[in-house]
Amino acid sequence: MNCVHCGKTLPNGSRRDRAYCDNNCRALSSYYRRKAGIPPLPRWQHPALISDNPALRSAAALAKKLGEANGWSPSLVLCAMDGLTAVLEHRPPGTLVKLTEVRRRIPRHASSFRVAEVLAGLELLEDDSASAIRSWIDDRTAELPAGFAGNVRAWLLVLLDGDSRAKPRSRTCLYVYFGCVRPLLENWAMTRDHLREITVSDVTTALSPLRGWQRRNAIAALRSLFRFAKKHGLIFANPTTRLSSEDIPRSLLPMTDAEVLAVQRIAVTPAQRLIVALAAVHAARATAIRSLTLDDLDLPNRRITIAEHGQRLGELPYQTLLAWLDQRRATWPKTPNRHVLINAKTALGTGPVSPEYLKRHLLHQGVYLERIRSDRVLHEALTAGADPLHLTLVFNLSHTTASNYATIAQNLLDDQTGVRRDAVGGESGRS
């Protein structure tokens, strides 16, 4: 590449759209061009937009269109075109591109997600990649002793995909179940070579040190594993047949002043304050907060719809919403995403933030959203006189959950007046 004015070679590593060697040449070229009445040079455009390959040219045009519609930065659009060039430049028109090839061949500065999005829009993408959860199953079960690895892998795949008599389980269920059985299997592997060798005594000994929810989850995981093994003929007898998980009494008390001050100290950004305000005032769940859209807000009339339940917007959520929406508008003015909570990644699309977003902003810093939400419901129950119907109407709770909160509130009220009952929260359940 040479300077348009003086013809000198441009330095290595210069930008592709650079036309002059320095500002002096740029100014002189502009002066002489205006003096001679010559029109300015055409603006530089990515070579993919004028390529001889129709597939590449169409993909580059679609990338530019998606960038304008979704608020992509100019550099992101150019990087996407670089990735499209790498996979389409020498490919016959109409040939599908595999997702694994996209991830392998595009330059490091290009986003494989955006390149795949453009190719999918042109119906040129073939998804041949293994899902992340399947790769996780293969990697984790490969670390188990040889006698147990194959059976546990088959069990996890059935949990993931389901079968004729069972629905697929969530990824969280797989993570919890495997985390419960892995240390037990590793201990058994010292003296056992296969699942069929595990006895009732082995199971009882392994579960004896566990307490509370840890024991309850381990029992559920082991029963699932051995039921699968028995059904598929991997074992002769199920050692978990007589296992039963006892109910765990739960107690629920209002948040202390120290807990409230800790939440106030941690929740300092507009996003954090909004999340806490929605949980503390409207008892909103984490999923409902992530799914909240701009269409659910009626700021002039102070109304909000959370999980399809309309209610009046409190003063604290109203003020935090205004602060967050101002920051949202200033940071991502062109985003097409209609969700209230967005980040740098979701601002380029239309989906909600991930559960990890809330964990990173609150849970990992010691703020438990479910604790705040439960405290709000309990406070309302104490204020309204432990009326389950009132809780159901205000927070859109199930009758069972509302009754549990009302029972806890009534026990707390009775304790204050000197009337003793059973352990507080003995009948409580999860909402």
# chains A, B, ... in the order shown; residues from 1 in each chain; ligands from 1
$ select_by_dssp --residues "segment 309-420 of chain A" --states "alpha helix (DSSP H)" --output "tab-separated table (two decimals) with C-alpha atoms, in the first residue's frame"
chain	number	residue	atom	x	y	z
A	315	GLU	CA	-41.27	4.15	45.24
A	316	LEU	CA	-37.88	2.45	45.72
A	317	PRO	CA	-38.15	0.28	42.55
A	318	TYR	CA	-39.43	3.34	40.66
A	319	GLN	CA	-36.38	5.43	41.54
A	320	THR	CA	-33.93	2.59	40.91
A	321	LEU	CA	-35.62	1.87	37.58
A	322	LEU	CA	-35.19	5.46	36.47
A	323	ALA	CA	-31.50	5.42	37.45
A	324	TRP	CA	-30.86	2.11	35.66
A	325	LEU	CA	-32.79	3.10	32.51
A	326	ASP	CA	-30.75	6.32	32.28
A	327	GLN	CA	-27.51	4.33	32.44
A	328	ARG	CA	-28.89	1.71	30.04
A	329	ARG	CA	-29.86	4.39	27.51
A	330	ALA	CA	-26.48	6.13	27.77
A	331	THR	CA	-24.45	2.91	27.49
A	355	PRO	CA	-28.39	-16.59	35.67
A	356	GLU	CA	-24.64	-16.06	36.13
A	357	TYR	CA	-25.24	-12.32	35.68
A	358	LEU	CA	-27.22	-12.15	38.93
A	359	LYS	CA	-24.78	-14.45	40.71
A	360	ARG	CA	-21.79	-12.35	39.69
A	361	HIS	CA	-23.44	-9.10	40.78
A	369	LEU	CA	-31.76	-12.78	46.55
A	370	GLU	CA	-34.06	-15.55	47.79
A	371	ARG	CA	-33.37	-14.49	51.38
A	372	ILE	CA	-34.43	-10.92	50.56
A	373	ARG	CA	-37.53	-12.14	48.75
A	374	SER	CA	-38.59	-14.43	51.61
A	375	ASP	CA	-38.07	-11.63	54.10
A	376	ARG	CA	-40.44	-9.41	52.09
A	377	VAL	CA	-43.19	-12.05	52.01
A	378	LEU	CA	-42.74	-12.77	55.73
A	379	HIS	CA	-42.88	-9.06	56.55
A	380	GLU	CA	-46.14	-8.74	54.63
A	381	ALA	CA	-47.54	-11.78	56.46
A	382	LEU	CA	-46.64	-10.26	59.83
A	383	THR	CA	-48.15	-6.93	58.84
A	388	PRO	CA	-52.77	-16.64	53.24
A	389	LEU	CA	-55.31	-15.18	50.82
A	390	HIS	CA	-53.75	-11.75	51.14
A	391	LEU	CA	-50.27	-13.16	50.36
A	392	THR	CA	-51.62	-15.03	47.35
A	393	LEU	CA	-53.19	-11.91	45.88
A	394	VAL	CA	-50.26	-9.58	46.59
A	395	PHE	CA	-47.34	-11.79	45.52
A	399	HIS	CA	-51.96	-21.54	48.14
A	400	THR	CA	-49.52	-23.97	49.76
A	401	THR	CA	-46.67	-21.48	49.83
A	402	ALA	CA	-48.90	-18.69	51.14
A	403	SER	CA	-50.16	-20.99	53.90
A	404	ASN	CA	-46.60	-21.89	54.89
A	405	TYR	CA	-45.61	-18.24	55.19
A	406	ALA	CA	-48.78	-17.50	57.13
A	407	THR	CA	-48.02	-20.35	59.56
A	408	ILE	CA	-44.50	-19.05	60.16
A	409	ALA	CA	-45.79	-15.52	60.69
A	410	GLN	CA	-48.47	-16.72	63.10
A	411	ASN	CA	-45.88	-18.65	65.12
A	412	LEU	CA	-43.69	-15.55	65.32
A	413	LEU	CA	-46.65	-13.44	66.43
A	414	ASP	CA	-47.61	-16.04	69.05
A	415	ASP	CA	-44.04	-16.12	70.36
A	416	GLN	CA	-44.16	-12.35	70.83
$ select_by_dssp --residues "segment 224-408 of chain A" --states "strand (DSSP E)" --output "PyMOL selection string"
chain A and resi 297-298+303-306+309-312
$ write_last_selection --atoms "N, CA, C and O atoms" --output "PDB file, in the first residue's frame"
ATOM      1  N   LEU A 297     -43.327  -2.419  31.944  1.00  0.00           N
ATOM      2  CA  LEU A 297     -43.248  -1.215  32.763  1.00  0.00           C
ATOM      3  C   LEU A 297     -44.259  -0.182  32.275  1.00  0.00           C
ATOM      4  O   LEU A 297     -44.397   0.043  31.078  1.00  0.00           O
ATOM      5  N   ASP A 298     -44.944   0.423  33.215  1.00  0.00           N
ATOM      6  CA  ASP A 298     -45.844   1.553  32.941  1.00  0.00           C
ATOM      7  C   ASP A 298     -45.468   2.649  33.928  1.00  0.00           C
ATOM      8  O   ASP A 298     -46.139   2.872  34.939  1.00  0.00           O
ATOM      9  N   ARG A 303     -47.008   1.383  37.397  1.00  0.00           N
ATOM     10  CA  ARG A 303     -47.436  -0.009  37.368  1.00  0.00           C
ATOM     11  C   ARG A 303     -46.302  -0.873  36.808  1.00  0.00           C
ATOM     12  O   ARG A 303     -45.498  -0.410  35.986  1.00  0.00           O
ATOM     13  N   ILE A 304     -46.252  -2.123  37.264  1.00  0.00           N
ATOM     14  CA  ILE A 304     -45.253  -3.069  36.780  1.00  0.00           C
ATOM     15  C   ILE A 304     -45.889  -4.459  36.725  1.00  0.00           C
ATOM     16  O   ILE A 304     -46.722  -4.799  37.573  1.00  0.00           O
ATOM     17  N   THR A 305     -45.505  -5.235  35.729  1.00  0.00           N
ATOM     18  CA  THR A 305     -45.991  -6.607  35.584  1.00  0.00           C
ATOM     19  C   THR A 305     -44.825  -7.557  35.765  1.00  0.00           C
ATOM     20  O   THR A 305     -43.892  -7.571  34.955  1.00  0.00           O
ATOM     21  N   ILE A 306     -44.867  -8.350  36.838  1.00  0.00           N
ATOM     22  CA  ILE A 306     -43.800  -9.297  37.155  1.00  0.00           C
ATOM     23  C   ILE A 306     -44.376 -10.697  37.100  1.00  0.00           C
ATOM     24  O   ILE A 306     -45.323 -11.015  37.830  1.00  0.00           O
ATOM     25  N   HIS A 309     -48.033 -10.882  36.560  1.00  0.00           N
ATOM     26  CA  HIS A 309     -48.853 -10.408  37.678  1.00  0.00           C
ATOM     27  C   HIS A 309     -48.651  -8.904  37.814  1.00  0.00           C
ATOM     28  O   HIS A 309     -47.583  -8.444  38.213  1.00  0.00           O
ATOM     29  N   GLY A 310     -49.686  -8.141  37.459  1.00  0.00           N
ATOM     30  CA  GLY A 310     -49.597  -6.694  37.522  1.00  0.00           C
ATOM     31  C   GLY A 310     -49.775  -6.180  38.938  1.00  0.00           C
ATOM     32  O   GLY A 310     -50.595  -6.693  39.703  1.00  0.00           O
ATOM     33  N   GLN A 311     -48.989  -5.169  39.299  1.00  0.00           N
ATOM     34  CA  GLN A 311     -49.080  -4.569  40.621  1.00  0.00           C
ATOM     35  C   GLN A 311     -48.546  -3.143  40.571  1.00  0.00           C
ATOM     36  O   GLN A 311     -47.902  -2.737  39.603  1.00  0.00           O
ATOM     37  N   ARG A 312     -48.841  -2.396  41.615  1.00  0.00           N
ATOM     38  CA  ARG A 312     -48.388  -1.014  41.670  1.00  0.00           C
ATOM     39  C   ARG A 312     -46.890  -0.967  41.944  1.00  0.00           C
ATOM     40  O   ARG A 312     -46.365  -1.721  42.770  1.00  0.00           O
TER      41      ARG A 312
END
$ residues_around --residues "segment 262-268 of chain A" --least-positions-apart "2" --cutoff "12 Å" --atoms "only C-alpha atoms" --output "PyMOL selection string"
chain A and resi 255-260+270-277+279-280+320+323-324+358+360-369+371-372
$ closest_atom_pairs --of "segment 212-328 of chain A" --to "segment 165-188 of chain A" --cutoff "8 Å" --atoms "only C-alpha atoms" --output "tab-separated table"
residue	atom	partner	partner_atom	distance
A:Gln214	CA	A:Cys180	CA	8.0
A:Asn217	CA	A:Cys180	CA	7.0
A:Ala218	CA	A:Cys180	CA	5.1
A:Ala220	CA	A:Tyr177	CA	7.8
A:Ala221	CA	A:Tyr177	CA	4.9
A:Leu222	CA	A:Val181	CA	6.6
$ write_last_selection --atoms "all heavy atoms" --output "tab-separated table (two decimals), in the first residue's frame"
chain	number	residue	atom	x	y	z
A	214	GLN	N	-27.42	-31.89	52.18
A	214	GLN	CA	-26.36	-32.67	51.54
A	214	GLN	C	-26.72	-34.15	51.53
A	214	GLN	O	-26.54	-34.84	50.51
A	214	GLN	CB	-25.04	-32.45	52.29
A	214	GLN	CG	-23.83	-33.06	51.59
A	214	GLN	CD	-22.55	-32.79	52.35
A	214	GLN	OE1	-22.57	-32.44	53.53
A	214	GLN	NE2	-21.42	-32.96	51.68
A	217	ASN	N	-29.83	-34.68	49.06
A	217	ASN	CA	-29.45	-34.68	47.64
A	217	ASN	C	-28.67	-35.93	47.27
A	217	ASN	O	-28.84	-36.49	46.17
A	217	ASN	CB	-28.62	-33.43	47.32
A	217	ASN	CG	-29.43	-32.16	47.37
A	217	ASN	OD1	-30.65	-32.18	47.24
A	217	ASN	ND2	-28.77	-31.04	47.58
A	218	ALA	N	-27.81	-36.40	48.17
A	218	ALA	CA	-27.04	-37.61	47.89
A	218	ALA	C	-27.96	-38.82	47.77
A	218	ALA	O	-27.76	-39.69	46.90
A	218	ALA	CB	-26.00	-37.83	48.99
A	220	ALA	N	-31.14	-38.81	46.84
A	220	ALA	CA	-31.87	-38.69	45.57
A	220	ALA	C	-30.99	-39.08	44.39
A	220	ALA	O	-31.45	-39.77	43.46
A	220	ALA	CB	-32.38	-37.26	45.40
A	221	ALA	N	-29.72	-38.67	44.40
A	221	ALA	CA	-28.81	-39.01	43.30
A	221	ALA	C	-28.53	-40.51	43.26
A	221	ALA	O	-28.54	-41.12	42.17
A	221	ALA	CB	-27.51	-38.22	43.44
A	222	LEU	N	-28.27	-41.11	44.40
A	222	LEU	CA	-27.98	-42.55	44.42
A	222	LEU	C	-29.20	-43.37	44.01
A	222	LEU	O	-29.07	-44.36	43.27
A	222	LEU	CB	-27.52	-42.96	45.82
A	222	LEU	CG	-26.12	-42.51	46.25
A	222	LEU	CD1	-25.85	-42.89	47.69
A	222	LEU	CD2	-25.06	-43.12	45.32
$ atom_distance --atom1 "atom CA of Ser354 of chain A" --atom2 "atom CA of Glu68 of chain A"
24.4 Å
$ residues_around --residues "segment 70-79 of chain A" --least-positions-apart "3" --cutoff "8 Å" --atoms "only C-alpha atoms" --output "count of residues only"
17
$ residues_around --residues "Ala149 of chain A" --least-positions-apart "4" --cutoff "10 Å" --atoms "only C-alpha atoms" --output "list in words"
Asp138, Arg140, Thr141, Ala142, Glu143, Leu144, Pro145, Arg153, Ala154, Trp155, Leu185 and His194 of chain A
$ write_last_selection --atoms "all heavy atoms" --output "compact mmCIF listing (two decimals), in the first residue's frame"
# COMPACT_ATOMS: atom_id res chain seq x y z
N ASP A 138 -18.75 -36.14 29.12
CA ASP A 138 -17.64 -36.97 28.65
C ASP A 138 -16.37 -36.70 29.46
O ASP A 138 -15.65 -37.63 29.84
CB ASP A 138 -17.38 -36.72 27.16
CG ASP A 138 -18.53 -37.21 26.29
OD1 ASP A 138 -19.29 -38.08 26.74
OD2 ASP A 138 -18.67 -36.71 25.15
N ARG A 140 -16.03 -35.34 32.55
CA ARG A 140 -16.09 -35.67 33.98
C ARG A 140 -16.15 -37.19 34.21
O ARG A 140 -15.52 -37.70 35.13
CB ARG A 140 -17.31 -35.00 34.61
CG ARG A 140 -17.21 -33.49 34.66
CD ARG A 140 -16.04 -33.06 35.55
NE ARG A 140 -15.89 -31.61 35.56
CZ ARG A 140 -15.14 -30.91 34.73
NH1 ARG A 140 -14.44 -31.56 33.80
NH2 ARG A 140 -15.06 -29.61 34.79
N THR A 141 -16.91 -37.89 33.39
CA THR A 141 -16.99 -39.34 33.59
C THR A 141 -15.69 -40.03 33.21
O THR A 141 -15.39 -41.11 33.72
CB THR A 141 -18.16 -39.93 32.78
OG1 THR A 141 -18.03 -39.55 31.40
CG2 THR A 141 -19.48 -39.43 33.32
N ALA A 142 -14.91 -39.44 32.31
CA ALA A 142 -13.62 -40.03 31.95
C ALA A 142 -12.66 -40.01 33.12
O ALA A 142 -11.69 -40.79 33.15
CB ALA A 142 -13.02 -39.29 30.76
N GLU A 143 -12.89 -39.14 34.11
CA GLU A 143 -12.02 -39.06 35.28
C GLU A 143 -12.37 -40.10 36.34
O GLU A 143 -11.61 -40.28 37.30
CB GLU A 143 -12.11 -37.66 35.89
CG GLU A 143 -11.69 -36.55 34.94
CD GLU A 143 -11.99 -35.16 35.49
OE1 GLU A 143 -12.59 -35.09 36.59
OE2 GLU A 143 -11.64 -34.16 34.84
N LEU A 144 -13.52 -40.78 36.18
CA LEU A 144 -13.93 -41.79 37.15
C LEU A 144 -13.16 -43.09 36.95
O LEU A 144 -12.58 -43.33 35.89
CB LEU A 144 -15.43 -42.05 37.02
CG LEU A 144 -16.38 -40.90 37.40
CD1 LEU A 144 -17.81 -41.30 37.09
CD2 LEU A 144 -16.23 -40.55 38.87
N PRO A 145 -13.14 -43.95 37.96
CA PRO A 145 -12.52 -45.28 37.78
C PRO A 145 -13.17 -46.04 36.62
O PRO A 145 -14.36 -45.87 36.33
CB PRO A 145 -12.78 -45.96 39.13
CG PRO A 145 -12.92 -44.83 40.10
CD PRO A 145 -13.57 -43.72 39.34
N ARG A 153 -21.79 -42.48 32.81
CA ARG A 153 -21.99 -41.67 31.60
C ARG A 153 -23.34 -41.98 30.98
O ARG A 153 -24.09 -41.06 30.59
CB ARG A 153 -20.88 -41.94 30.59
CG ARG A 153 -21.02 -41.14 29.30
CD ARG A 153 -19.89 -41.46 28.32
NE ARG A 153 -20.03 -40.68 27.11
CZ ARG A 153 -20.81 -41.02 26.09
NH1 ARG A 153 -21.53 -42.15 26.16
NH2 ARG A 153 -20.89 -40.26 25.02
N ALA A 154 -23.69 -43.25 30.88
CA ALA A 154 -24.99 -43.62 30.31
C ALA A 154 -26.14 -43.09 31.17
O ALA A 154 -27.17 -42.64 30.64
CB ALA A 154 -25.08 -45.14 30.18
N TRP A 155 -25.97 -43.11 32.48
CA TRP A 155 -27.00 -42.58 33.40
C TRP A 155 -27.20 -41.08 33.20
O TRP A 155 -28.33 -40.61 33.10
CB TRP A 155 -26.57 -42.90 34.83
CG TRP A 155 -27.33 -42.16 35.89
CD1 TRP A 155 -28.67 -42.17 36.11
CD2 TRP A 155 -26.77 -41.30 36.89
NE1 TRP A 155 -28.99 -41.37 37.18
CE2 TRP A 155 -27.83 -40.83 37.68
CE3 TRP A 155 -25.47 -40.89 37.20
CZ2 TRP A 155 -27.64 -39.96 38.76
CZ3 TRP A 155 -25.27 -40.03 38.28
CH2 TRP A 155 -26.35 -39.58 39.04
N LEU A 185 -18.43 -42.71 44.63
CA LEU A 185 -17.91 -43.70 43.69
C LEU A 185 -16.40 -43.82 43.80
O LEU A 185 -15.85 -44.93 43.70
CB LEU A 185 -18.31 -43.31 42.26
CG LEU A 185 -19.81 -43.34 41.94
CD1 LEU A 185 -20.06 -42.82 40.54
CD2 LEU A 185 -20.36 -44.76 42.08
N HIS A 194 -17.26 -52.54 40.32
CA HIS A 194 -18.45 -52.34 39.50
C HIS A 194 -19.62 -51.96 40.40
O HIS A 194 -19.62 -52.22 41.61
CB HIS A 194 -18.78 -53.63 38.72
CG HIS A 194 -19.72 -53.41 37.57
ND1 HIS A 194 -21.09 -53.37 37.72
CD2 HIS A 194 -19.48 -53.20 36.24
CE1 HIS A 194 -21.66 -53.17 36.54
NE2 HIS A 194 -20.71 -53.07 35.63
$ residues_around --residues "Asp128 of chain A" --least-positions-apart "4" --cutoff "9 Å" --atoms "only C-alpha atoms" --output "MDAnalysis selection string"
chainID A and resid 98:100
$ atom_distance --atom1 "atom CA of Asn23 of chain A" --atom2 "atom CA of Pro47 of chain A"
24.8 Å
$ closest_residue --among "A:Leu62, A:Ala130, A:Leu234, A:Asp202" --to "Gly147 of chain A" --atoms "only C-alpha atoms"
A:Leu234
$ atom_distance --atom1 "atom CA of Asp52 of chain A" --atom2 "atom CA of Gly94 of chain A"
14.4 Å
